[in-house]
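> What follows is work-v3.cif; its format and atoms are mmCIF, C-alpha atoms.
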data_work
loop_
_atom_site.label_atom_id
_atom_site.label_comp_id
_atom_site.auth_asym_id
_atom_site.auth_seq_id
_atom_site.Cartn_x
_atom_site.Cartn_y
_atom_site.Cartn_z
CA MET A 38 -66.13 -16.62 85.74
CA LEU A 39 -67.94 -14.23 83.41
CA PRO A 40 -67.58 -14.79 79.64
CA LEU A 41 -66.14 -12.43 77.03
CA LEU A 42 -68.26 -11.03 74.21
CA PHE A 43 -66.91 -9.92 70.85
CA LEU A 44 -69.15 -7.97 68.49
CA SER A 45 -69.23 -7.12 64.82
CA HIS A 46 -71.90 -6.58 62.17
CA MET A 47 -72.55 -8.13 58.77
CA ASP A 48 -74.38 -5.29 57.03
CA VAL A 49 -72.71 -2.57 54.99
CA VAL A 50 -73.79 0.74 53.50
CA PRO A 51 -74.50 0.97 49.73
CA PRO A 52 -71.44 1.29 47.49
CA GLY A 53 -72.53 4.48 45.76
CA SER A 54 -72.38 5.17 42.04
CA ALA A 55 -68.69 5.96 41.51
CA ALA A 56 -67.00 4.53 38.43
CA ILE A 57 -65.08 1.23 38.59
CA LYS A 58 -61.63 0.93 37.00
CA ASN A 59 -61.40 -2.88 36.94
CA ASN A 60 -64.36 -5.29 36.96
CA ASP A 61 -62.32 -8.47 37.46
CA SER A 62 -64.31 -10.38 40.09
CA THR A 63 -61.93 -13.33 40.49
CA LEU A 64 -58.74 -11.51 41.44
CA PHE A 65 -56.90 -13.31 44.25
CA GLN A 66 -53.23 -12.40 44.45
CA PRO A 67 -52.39 -12.31 48.17
CA ARG A 68 -48.64 -12.47 47.53
CA ASP A 69 -48.54 -9.23 45.54
CA GLN A 70 -46.12 -6.55 46.64
CA ALA A 71 -48.07 -4.09 48.77
CA ILE A 72 -48.44 -0.63 47.28
CA PRO A 73 -48.38 2.50 49.51
CA PRO A 74 -51.63 3.55 51.22
CA VAL A 75 -53.82 6.06 49.42
CA SER A 76 -53.08 9.66 50.32
CA GLU A 77 -56.29 11.31 49.13
CA ILE A 78 -59.97 10.42 48.93
CA ALA A 79 -60.65 8.38 45.79
CA GLU A 80 -63.20 9.34 43.13
CA GLU A 81 -63.33 5.82 41.65
CA TRP A 82 -63.24 2.22 42.83
CA ASP A 83 -60.02 0.43 41.82
CA TYR A 84 -62.06 -2.80 41.81
CA ALA A 85 -65.79 -3.45 42.01
CA PRO A 86 -67.15 -2.81 45.53
CA PHE A 87 -68.46 -6.37 45.97
CA SER A 88 -65.67 -8.17 44.11
CA GLY A 89 -63.56 -8.91 47.19
CA ALA A 90 -60.51 -8.43 44.98
CA VAL A 91 -57.22 -9.32 46.69
CA THR A 92 -54.25 -7.60 45.09
CA ASN A 93 -51.59 -4.95 45.73
CA GLY A 94 -51.41 -6.06 49.38
CA ARG A 95 -55.06 -5.08 49.88
CA ILE A 96 -58.51 -6.61 50.19
CA TYR A 97 -60.92 -4.35 48.31
CA GLY A 98 -64.64 -3.97 48.82
CA ARG A 99 -67.49 -2.28 50.60
CA GLY A 100 -67.30 -3.32 54.23
CA SER A 101 -63.64 -4.38 54.19
CA LEU A 102 -63.03 -1.77 56.91
CA ASP A 103 -66.61 -1.42 58.17
CA MET A 104 -67.02 -4.20 59.35
CA LYS A 105 -66.33 -7.39 57.41
CA GLY A 106 -62.61 -7.18 58.15
CA MET A 107 -63.19 -7.26 61.91
CA LEU A 108 -65.92 -9.90 61.59
CA PHE A 109 -63.71 -12.33 59.69
CA SER A 110 -60.67 -11.62 61.86
CA LEU A 111 -62.74 -12.68 64.90
CA LEU A 112 -63.75 -15.86 63.11
CA GLU A 113 -60.15 -16.57 62.09
CA ALA A 114 -58.87 -15.94 65.62
CA THR A 115 -61.50 -18.32 66.99
CA GLU A 116 -60.68 -20.91 64.34
CA GLN A 117 -57.02 -20.71 65.30
CA LEU A 118 -57.91 -21.47 68.93
CA VAL A 119 -59.93 -24.48 67.80
CA ARG A 120 -57.16 -25.63 65.48
CA GLU A 121 -54.64 -25.47 68.33
CA GLN A 122 -57.14 -27.21 70.68
CA VAL A 123 -56.88 -24.31 73.14
CA GLN A 124 -59.48 -24.39 75.90
CA PRO A 125 -59.95 -20.83 77.27
CA LYS A 126 -60.67 -20.59 80.99
CA ARG A 127 -63.84 -18.60 80.35
CA ASP A 128 -66.50 -18.84 77.66
CA ILE A 129 -66.20 -16.66 74.56
CA TYR A 130 -69.27 -15.38 72.72
CA LEU A 131 -69.41 -13.88 69.23
CA ALA A 132 -72.44 -11.73 68.33
CA PHE A 133 -72.84 -10.42 64.78
CA GLY A 134 -75.74 -8.08 64.03
CA PHE A 135 -77.18 -7.49 60.58
CA ASP A 136 -78.61 -3.96 60.80
CA GLU A 137 -76.05 -1.84 62.69
CA GLU A 138 -75.94 0.76 59.92
CA VAL A 139 -79.64 1.49 60.45
CA GLY A 140 -79.73 1.37 64.24
CA GLY A 141 -79.31 -2.29 65.23
CA VAL A 142 -82.91 -2.54 66.44
CA ARG A 143 -83.61 -5.97 64.95
CA GLY A 144 -80.07 -7.33 65.23
CA ALA A 145 -77.94 -6.36 68.24
CA ALA A 146 -80.92 -5.27 70.32
CA LYS A 147 -82.58 -8.67 69.90
CA ILE A 148 -79.33 -10.51 70.64
CA ALA A 149 -78.88 -8.46 73.81
CA ASP A 150 -82.46 -9.26 74.85
CA TYR A 151 -81.75 -12.96 74.32
CA PHE A 152 -78.63 -12.79 76.49
CA LYS A 153 -80.61 -10.98 79.19
CA GLU A 154 -83.34 -13.65 79.12
CA LYS A 155 -80.64 -16.28 79.63
CA GLY A 156 -79.28 -14.37 82.63
CA LEU A 157 -75.92 -13.72 81.00
CA LYS A 158 -73.47 -11.04 82.10
CA PHE A 159 -70.08 -10.41 80.50
CA GLU A 160 -66.63 -9.67 81.87
CA ALA A 161 -66.01 -7.46 78.84
CA VAL A 162 -67.67 -6.50 75.57
CA TYR A 163 -65.47 -5.60 72.59
CA ASP A 164 -66.82 -3.82 69.51
CA GLU A 165 -65.77 -1.44 66.75
CA GLY A 166 -65.07 2.22 67.47
CA GLY A 167 -61.64 3.79 67.70
CA LEU A 168 -58.72 3.06 65.37
CA ILE A 169 -54.96 3.53 65.29
CA LEU A 170 -54.39 6.89 63.65
CA GLU A 171 -51.05 7.48 62.00
CA LYS A 172 -48.74 10.25 63.15
CA GLY A 173 -50.06 13.53 61.80
CA SER A 174 -53.67 12.37 61.54
CA VAL A 175 -54.44 14.13 64.83
CA LYS A 176 -53.30 17.74 64.59
CA GLY A 177 -50.53 18.59 67.04
CA ILE A 178 -49.81 14.99 68.08
CA SER A 179 -46.44 13.68 66.91
CA SER A 180 -47.13 9.97 67.43
CA ASP A 181 -49.35 7.15 66.27
CA VAL A 182 -52.39 7.01 68.56
CA ALA A 183 -54.62 4.03 69.43
CA LEU A 184 -58.05 5.40 70.35
CA ILE A 185 -60.03 3.05 72.59
CA GLY A 186 -63.64 4.11 72.78
CA CYS A 187 -64.68 3.85 76.42
CA ALA A 188 -68.02 5.53 75.73
CA GLU A 189 -70.12 6.68 72.80
CA LYS A 190 -72.22 9.74 72.24
CA GLY A 191 -75.99 9.75 72.38
CA PHE A 192 -78.30 10.46 69.44
CA LEU A 193 -81.37 12.62 68.92
CA SER A 194 -82.99 13.88 65.70
CA LEU A 195 -85.84 16.35 65.89
CA LYS A 196 -88.11 17.52 63.08
CA ILE A 197 -89.15 21.13 63.58
CA LYS A 198 -92.21 22.33 61.67
CA VAL A 199 -92.41 26.10 61.44
CA LYS A 200 -95.76 27.67 60.55
CA GLY A 201 -96.37 30.92 58.69
CA LEU A 202 -98.63 32.59 56.14
CA GLY A 203 -98.88 30.77 52.82
CA GLY A 204 -100.10 32.04 49.48
CA HIS A 205 -98.84 33.59 46.27
CA SER A 206 -95.34 35.03 46.21
CA SER A 207 -96.65 38.27 44.65
CA MET A 208 -98.06 39.30 48.03
CA PRO A 209 -95.60 37.94 50.59
CA PRO A 210 -95.85 38.57 54.35
CA THR A 211 -93.14 40.52 56.16
CA THR A 212 -91.65 37.26 57.40
CA SER A 213 -92.32 33.96 55.67
CA ALA A 214 -92.30 30.49 57.22
CA ILE A 215 -88.91 29.98 55.56
CA GLY A 216 -87.61 33.20 57.11
CA LYS A 217 -88.82 32.12 60.54
CA ALA A 218 -87.21 28.70 60.08
CA ALA A 219 -83.97 30.42 59.09
CA VAL A 220 -83.98 32.43 62.34
CA ILE A 221 -84.43 29.24 64.37
CA MET A 222 -81.67 27.47 62.45
CA GLN A 223 -79.31 30.38 63.04
CA ARG A 224 -80.12 30.28 66.74
CA LEU A 225 -79.34 26.55 66.84
CA GLU A 226 -76.02 26.94 65.03
CA ASN A 227 -74.88 30.18 66.70
CA HIS A 228 -75.87 29.18 70.25
CA GLN A 229 -75.01 25.51 70.58
CA MET A 230 -74.83 23.35 73.68
CA LYS A 231 -72.05 24.42 76.03
CA ALA A 232 -68.58 23.05 75.27
CA GLN A 233 -66.86 21.22 78.12
CA ILE A 234 -63.91 18.95 78.76
CA SER A 235 -65.45 15.79 80.15
CA PRO A 236 -63.44 13.34 82.28
CA ILE A 237 -62.91 10.91 79.39
CA ILE A 238 -61.51 13.67 77.17
CA GLN A 239 -59.36 14.93 80.04
CA ASP A 240 -57.90 11.40 80.25
CA PHE A 241 -57.32 11.52 76.50
CA PHE A 242 -55.39 14.78 76.77
CA GLN A 243 -53.32 13.49 79.66
CA GLN A 244 -52.27 10.48 77.57
CA VAL A 245 -51.44 12.38 74.36
CA GLY A 246 -50.13 15.55 75.99
CA GLY A 247 -46.53 14.37 76.08
CA SER A 248 -46.36 14.29 72.27
CA MET A 249 -47.89 17.75 71.80
CA PRO A 250 -46.17 21.16 71.46
CA PHE A 251 -45.23 23.02 74.65
CA VAL A 252 -48.15 25.46 74.53
CA SER A 253 -50.66 22.61 74.30
CA ARG A 254 -48.91 20.67 77.08
CA PHE A 255 -48.99 23.78 79.27
CA ALA A 256 -52.70 24.32 78.63
CA ILE A 257 -53.52 20.70 79.47
CA ALA A 258 -51.38 20.70 82.63
CA ASN A 259 -53.02 23.94 83.79
CA ARG A 260 -56.57 23.21 82.78
CA TRP A 261 -57.94 25.12 85.78
CA LEU A 262 -56.47 28.28 84.28
CA MET A 263 -56.40 27.59 80.54
CA GLU A 264 -59.65 25.72 79.94
CA PRO A 265 -61.47 28.63 78.23
CA LEU A 266 -58.55 29.06 75.82
CA LEU A 267 -58.29 25.32 75.26
CA LEU A 268 -62.00 25.02 74.50
CA ALA A 269 -61.83 28.00 72.14
CA GLN A 270 -59.18 26.19 70.13
CA LEU A 271 -60.89 22.82 70.19
CA THR A 272 -64.25 24.16 69.01
CA LYS A 273 -62.68 25.77 65.93
CA ASN A 274 -62.10 22.36 64.33
CA HIS A 275 -65.08 20.13 63.52
CA SER A 276 -63.26 16.95 64.58
CA THR A 277 -62.18 18.17 68.01
CA ASN A 278 -65.39 20.15 68.49
CA ALA A 279 -67.25 16.82 68.44
CA LEU A 280 -65.21 15.67 71.45
CA VAL A 281 -66.11 18.60 73.70
CA ARG A 282 -69.69 19.41 72.80
CA THR A 283 -73.08 17.93 72.08
CA THR A 284 -73.01 18.73 68.38
CA THR A 285 -75.76 20.32 66.29
CA ALA A 286 -76.22 19.30 62.65
CA LEU A 287 -78.95 20.65 60.36
CA THR A 288 -79.56 17.78 57.97
CA MET A 289 -82.87 18.02 56.07
CA MET A 290 -85.29 20.75 54.96
CA LYS A 291 -88.57 20.95 53.06
CA GLY A 292 -90.65 23.95 52.00
CA SER A 293 -92.66 24.96 48.97
CA ASP A 294 -92.96 22.76 45.88
CA ALA A 295 -93.15 25.72 43.46
CA PRO A 296 -90.99 28.82 42.93
CA ASN A 297 -93.95 31.23 43.21
CA VAL A 298 -95.77 29.66 46.15
CA LEU A 299 -95.30 30.53 49.81
CA SER A 300 -95.47 27.39 51.91
CA PRO A 301 -97.58 27.76 55.07
CA GLU A 302 -95.28 25.30 56.78
CA VAL A 303 -91.54 24.67 56.54
CA GLU A 304 -89.88 21.73 58.22
CA PHE A 305 -86.27 20.86 58.91
CA VAL A 306 -84.41 18.20 60.85
CA VAL A 307 -81.65 18.82 63.36
CA ASN A 308 -79.46 16.00 64.62
CA PHE A 309 -77.67 16.09 67.98
CA ARG A 310 -74.86 13.80 69.16
CA LEU A 311 -74.81 13.94 72.95
CA LEU A 312 -71.87 14.03 75.32
CA PRO A 313 -72.16 11.66 78.30
CA GLU A 314 -72.61 14.80 80.44
CA ASN A 315 -75.77 15.88 78.60
CA THR A 316 -79.21 14.25 78.55
CA LEU A 317 -81.94 13.99 75.95
CA GLN A 318 -84.17 16.22 78.07
CA GLU A 319 -81.52 18.92 78.25
CA VAL A 320 -81.29 18.92 74.46
CA ARG A 321 -85.07 19.09 74.08
CA ASP A 322 -85.12 22.05 76.49
CA HIS A 323 -82.37 23.69 74.42
CA VAL A 324 -84.47 23.33 71.26
CA GLN A 325 -87.55 24.72 73.01
CA GLN A 326 -85.55 27.81 73.89
CA ALA A 327 -84.30 28.19 70.31
CA THR A 328 -87.85 28.04 68.95
CA SER A 329 -89.41 30.39 71.50
CA GLY A 330 -91.56 33.11 69.93
CA PHE A 331 -92.49 31.02 66.90
CA ASP A 332 -95.43 28.75 66.09
CA VAL A 333 -93.75 25.35 65.78
CA GLU A 334 -94.32 21.65 66.17
CA ILE A 335 -91.42 19.49 67.32
CA GLU A 336 -91.33 15.74 66.86
CA GLN A 337 -88.68 13.09 67.30
CA VAL A 338 -87.28 11.35 64.23
CA ASP A 339 -85.89 7.81 64.48
CA ASN A 340 -84.75 6.20 67.71
CA ALA A 341 -83.18 8.47 70.31
CA ARG A 342 -80.68 7.26 72.86
CA GLU A 343 -78.81 8.71 75.78
CA ALA A 344 -75.03 8.69 75.66
CA SER A 345 -73.53 5.46 76.96
CA LYS A 346 -72.00 4.88 80.34
CA VAL A 347 -68.22 5.40 80.53
CA SER A 348 -66.20 2.20 80.99
CA PRO A 349 -63.14 2.29 83.27
CA THR A 350 -59.51 2.05 82.17
CA ASP A 351 -58.07 0.62 85.40
CA VAL A 352 -59.45 -2.88 84.84
CA LYS A 353 -58.15 -6.04 83.19
CA ALA A 354 -60.55 -5.78 80.24
CA TYR A 355 -58.94 -2.50 79.15
CA LYS A 356 -55.38 -3.44 80.03
CA MET A 357 -55.58 -6.65 77.98
CA MET A 358 -56.41 -4.50 74.96
CA GLU A 359 -53.47 -2.25 75.72
CA ALA A 360 -51.12 -5.23 76.05
CA SER A 361 -52.30 -6.74 72.76
CA ILE A 362 -51.95 -3.41 70.93
CA ARG A 363 -48.41 -2.81 72.23
CA ARG A 364 -47.28 -6.26 71.06
CA LEU A 365 -48.17 -5.25 67.51
CA TYR A 366 -47.31 -1.54 67.70
CA PRO A 367 -44.72 -0.90 70.44
CA ASP A 368 -44.17 2.80 69.81
CA LEU A 369 -47.55 4.44 70.06
CA ILE A 370 -49.87 6.12 72.52
CA VAL A 371 -52.84 4.12 73.82
CA THR A 372 -55.60 6.32 75.14
CA PRO A 373 -59.27 6.25 76.16
CA TYR A 374 -61.49 8.10 73.73
CA LEU A 375 -65.08 9.14 73.12
CA THR A 376 -66.62 7.40 70.10
CA VAL A 377 -68.61 10.07 68.28
CA GLY A 378 -70.60 7.67 66.08
CA GLY A 379 -73.04 4.97 67.11
CA THR A 380 -72.20 1.28 67.51
CA ASP A 381 -74.02 -1.93 68.42
CA ALA A 382 -72.12 -1.92 71.73
CA ILE A 383 -74.60 0.43 73.38
CA LYS A 384 -77.27 -2.28 73.17
CA TYR A 385 -75.23 -4.40 75.59
CA GLN A 386 -74.49 -1.86 78.32
CA ASN A 387 -76.87 -3.53 80.78
CA LEU A 388 -74.90 -6.77 80.39
CA SER A 389 -71.41 -5.48 81.26
CA ASP A 390 -69.66 -2.59 82.97
CA HIS A 391 -66.66 -2.98 80.68
CA ILE A 392 -67.54 -2.10 77.08
CA TYR A 393 -64.80 -1.00 74.69
CA ARG A 394 -64.93 0.14 71.09
CA PHE A 395 -61.74 -0.39 69.11
CA MET A 396 -60.63 -1.91 65.81
CA PRO A 397 -56.84 -2.55 65.76
CA ILE A 398 -56.01 -1.22 62.30
CA LYS A 399 -53.48 1.50 61.54
CA ILE A 400 -54.73 3.82 58.80
CA ASN A 401 -54.26 7.37 57.59
CA HIS A 402 -56.92 10.03 57.15
CA ALA A 403 -57.67 9.19 53.50
CA GLU A 404 -58.12 5.49 54.29
CA GLN A 405 -60.40 6.38 57.20
CA GLN A 406 -62.53 8.51 54.88
CA SER A 407 -63.07 5.54 52.55
CA MET A 408 -65.43 4.01 55.09
CA HIS A 409 -68.92 4.69 53.71
CA SER A 410 -67.23 6.27 50.69
CA THR A 411 -65.34 5.22 47.54
CA ASN A 412 -62.62 2.58 47.13
CA GLU A 413 -62.82 1.07 50.61
CA TYR A 414 -60.09 -1.48 51.31
CA ILE A 415 -58.13 -3.02 54.16
CA SER A 416 -54.46 -3.82 53.82
CA ILE A 417 -53.54 -7.48 54.25
CA GLU A 418 -51.05 -6.38 56.91
CA ASN A 419 -53.81 -4.72 58.92
CA TYR A 420 -56.06 -7.74 58.51
CA LEU A 421 -53.43 -10.19 59.74
CA LYS A 422 -52.54 -8.00 62.71
CA MET A 423 -56.22 -7.75 63.61
CA ILE A 424 -56.46 -11.56 63.74
CA ASP A 425 -53.38 -11.63 65.98
CA TYR A 426 -54.82 -8.90 68.22
CA PHE A 427 -58.06 -10.77 68.92
CA TYR A 428 -56.32 -14.13 69.19
CA TYR A 429 -54.05 -12.76 71.92
CA ILE A 430 -56.95 -11.47 74.02
CA MET A 431 -58.95 -14.69 73.63
CA ARG A 432 -55.94 -16.92 74.25
CA HIS A 433 -54.25 -15.08 77.09
CA TYR A 434 -57.00 -13.25 78.99
CA ASP A 435 -56.62 -15.44 82.07
CA ASP A 436 -52.94 -16.35 81.86
CA GLU A 437 -51.05 -15.90 85.12
CA ILE A 438 -48.50 -13.67 83.37
CA SER A 439 -51.25 -11.43 82.02
CA ALA A 440 -52.87 -11.25 85.44
CA LYS A 441 -49.58 -10.13 87.03
CA THR A 442 -48.74 -7.54 84.39
CA ASN A 443 -52.25 -6.17 84.08
#
For the file at hand, write its structure as structure tokens.

Amino acid sequence: MLPLLFLSHMDVVPPGSAAIKNNDSTLFQPRDQAIPPVSEIAEEWDYAPFSGAVTNGRIYGRGSLDMKGMLFSLLEATEQLVREQVQPKRDIYLAFGFDEEVGGVRGAAKIADYFKEKGLKFEAVYDEGGLILEKGSVKGISSDVALIGCAEKGFLSLKIKVKGLGGHSSMPPTTSAIGKAAVIMQRLENHQMKAQISPIIQDFFQQVGGSMPFVSRFAIANRWLMEPLLLAQLTKNHSTNALVRTTTALTMMKGSDAPNVLSPEVEFVVNFRLLPENTLQEVRDHVQQATSGFDVEIEQVDNAREASKVSPTDVKAYKMMEASIRRLYPDLIVTPYLTVGGTDAIKYQNLSDHIYRFMPIKINHAEQQSMHSTNEYISIENYLKMIDYFYYIMRHYDDEISAKTN
């Protein structure tokens, strides 16, 4: 019987330099009346980002959502099993990396190598990824939605060095290196990788379609006819565009160091997040086409990775998640989803065919934006439900009732 593997990571991003309203570092008031969730992105921290302040029905601090909340909920769920002297029918592994925010090369990758050396395979791997988005967070969907990441996009950053004629700005060439770089950048933004509705996104639309307006339901039901119109609408919004396309993001640029000097070389970085249907080589070919006619050098920046494999939804590993979610939130939509960011889970894809990315917390758009931003917190209610969610999967994965219903 293959074991289960639960992932999280210990590292967090820096807290930033936003002001702090209250520097009390010993605040622990878990019985406070909970205040309503924030409704807009904060400009200040209510409490210091590493205070761990517990008040107002919240646990404040950098990493409370990403990912200390999930890490400690896994530990608490495991501790509860031990306290109750529960003996699961299969082994349970916990693997916590320490460098996920910078690629997981020394953390998750090394752990995965260790498991491989030991000959381990896993029935299921559970990591961060999707969330429960409140009604209204997803435009056009009139329901809460639990997004289970069954795959994640790939990653490729390329530095493009564009060469031209340098010298004094008093005698400029017809087209400078900056001008040439601008042409290439416009090509990359105006002619991006082809948009497409992949099978995992088609499954997503089939699940959420019932809560959408009639026009959207009609377009989804008649994809063979309406796909061009559907894609045109999806690509207009940056959030939905990321679900149907390998995205292009111009992120860095460097040219001359003086206002009156023409740089003989301009460089910029473009970052791509790949759909499972695209490959790294296809993206490199796309960039070669965009730079044709110019004298350029192209080099890879950071670690590139193909998009992950897509995990199935018709297996027990997925259905146990669905059952645990519906116990806590009966009236919502549970759907497969494509995780657009990177996670440690991709390091383990040679150890399991069932890898899922989901954190069972229900938050609004403003709370979601606090990850990697200002005034990050997790509500105590979300934290307790997350413990319950993981406990249920660990405790009941091989129960006869679960096997019959799933």
> I need the residue nearest Tyr97 in chain A from this list: A:Phe395, A:Gln325, A:Ile383, A:Ser416. Use all atoms listed in the file for the distance.
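Between A:Phe395, A:Gln325, A:Ile383, A:Ser416, the residue approaching Tyr97 in chain A most closely is A:Ser416.
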> Identify which of the residues A:Thr328, A:Thr63, A:Gln70, A:Gln117 lies closest to Lys217 in chain A, counting all atoms listed in the file when measuring atom-to-atom distances.
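Selected residue with least distance to Lys217 in chain A: A:Thr328.
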> As an exercise, work out the distance from CA of Arg394 in chain A to CA of Leu184 in chain A in Å and give it to one decimal place.
8.7 Å
> One number please: CA of Met208 in chain A to CA of Glu304 in chain A, in Å, one decimal.
21.9 Å
> If you count only C-alpha atoms, which residues fall within 9 Å of range 104-108 of chain A, apart from same-chain ones fewer than 5 positions away, as a compact mmCIF listing (two decimals) with C-alpha atoms, in the coordinates of the input?

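Saved to around06.txt:
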# COMPACT_ATOMS: atom_id res chain seq x y z
CA LEU A 44 -69.15 -7.97 68.49
CA SER A 45 -69.23 -7.12 64.82
CA HIS A 46 -71.90 -6.58 62.17
CA MET A 47 -72.55 -8.13 58.77
CA ASP A 48 -74.38 -5.29 57.03
CA VAL A 49 -72.71 -2.57 54.99
CA ILE A 96 -58.51 -6.61 50.19
CA ARG A 99 -67.49 -2.28 50.60
CA GLU A 113 -60.15 -16.57 62.09
CA PHE A 133 -72.84 -10.42 64.78
CA GLU A 165 -65.77 -1.44 66.75
CA MET A 396 -60.63 -1.91 65.81
CA PRO A 397 -56.84 -2.55 65.76
CA ILE A 415 -58.13 -3.02 54.16
CA TYR A 420 -56.06 -7.74 58.51
CA MET A 423 -56.22 -7.75 63.61
CA ILE A 424 -56.46 -11.56 63.74
> Report, in Å to a single decimal, how far apart CA of Arg95 in chain A and CA of Tyr428 in chain A are.
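We find that CA of Tyr428 in chain A and CA of Arg95 in chain A lie 21.4 Å from each other.
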> Restricting the calculation to only C-alpha atoms, which member of A:Ser410, A:Asn387, A:Gln326, A:Ser76 is positioned closest to Gly156 in chain A?
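Of A:Ser410, A:Asn387, A:Gln326, A:Ser76, the one nearest Gly156 in chain A, counting only C-alpha atoms, is A:Asn387.
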> On this structure, which residues satisfy the PyMOL selection byres ((chain A and resi 303) around 7), written as a list in words?
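Checking the PyMOL selection byres ((chain A and resi 303) around 7) against this file, the residues are Lys198, Val199, Lys200, Ala214, Ile215, Ala218, Lys291, Gly292, Ser300, Pro301, Glu302, Glu304 and Phe305 of chain A.
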> Please reconstruct the missing atoms of range 71-77 of chain A (target: all heavy atoms) and return them as a compact mmCIF listing (two decimals), in the frame of the given file.

# COMPACT_ATOMS: atom_id res chain seq x y z
N ALA A 71 -47.12 -5.10 48.30
CA ALA A 71 -48.07 -4.09 48.77
C ALA A 71 -47.69 -2.71 48.23
O ALA A 71 -46.52 -2.33 48.26
CB ALA A 71 -48.10 -4.06 50.29
N ILE A 72 -48.67 -1.99 47.74
CA ILE A 72 -48.44 -0.63 47.28
C ILE A 72 -48.71 0.32 48.44
O ILE A 72 -49.38 -0.04 49.41
CB ILE A 72 -49.32 -0.28 46.06
CG1 ILE A 72 -50.82 -0.37 46.43
CG2 ILE A 72 -48.99 -1.20 44.89
CD1 ILE A 72 -51.73 0.06 45.29
N PRO A 73 -48.18 1.56 48.40
CA PRO A 73 -48.38 2.50 49.51
C PRO A 73 -49.86 2.81 49.74
O PRO A 73 -50.67 2.71 48.81
CB PRO A 73 -47.63 3.75 49.05
CG PRO A 73 -46.65 3.27 48.03
CD PRO A 73 -47.32 2.11 47.34
N PRO A 74 -50.24 3.17 50.95
CA PRO A 74 -51.63 3.55 51.22
C PRO A 74 -52.03 4.75 50.38
O PRO A 74 -51.19 5.56 49.98
CB PRO A 74 -51.61 3.90 52.72
CG PRO A 74 -50.38 3.26 53.26
CD PRO A 74 -49.39 3.24 52.16
N VAL A 75 -53.33 4.89 50.14
CA VAL A 75 -53.82 6.06 49.42
C VAL A 75 -53.55 7.30 50.27
O VAL A 75 -53.51 7.25 51.50
CB VAL A 75 -55.32 5.95 49.10
CG1 VAL A 75 -55.58 4.79 48.16
CG2 VAL A 75 -56.15 5.81 50.38
N SER A 76 -53.37 8.42 49.61
CA SER A 76 -53.08 9.66 50.32
C SER A 76 -54.17 10.71 50.13
O SER A 76 -54.10 11.80 50.70
CB SER A 76 -51.74 10.24 49.84
OG SER A 76 -51.76 10.46 48.45
N GLU A 77 -55.17 10.40 49.32
CA GLU A 77 -56.29 11.31 49.13
C GLU A 77 -57.55 10.50 48.88
O GLU A 77 -57.50 9.32 48.50
CB GLU A 77 -56.03 12.27 47.97
CG GLU A 77 -55.77 11.59 46.65
CD GLU A 77 -55.40 12.58 45.56
OE1 GLU A 77 -54.92 13.68 45.88
OE2 GLU A 77 -55.59 12.24 44.38
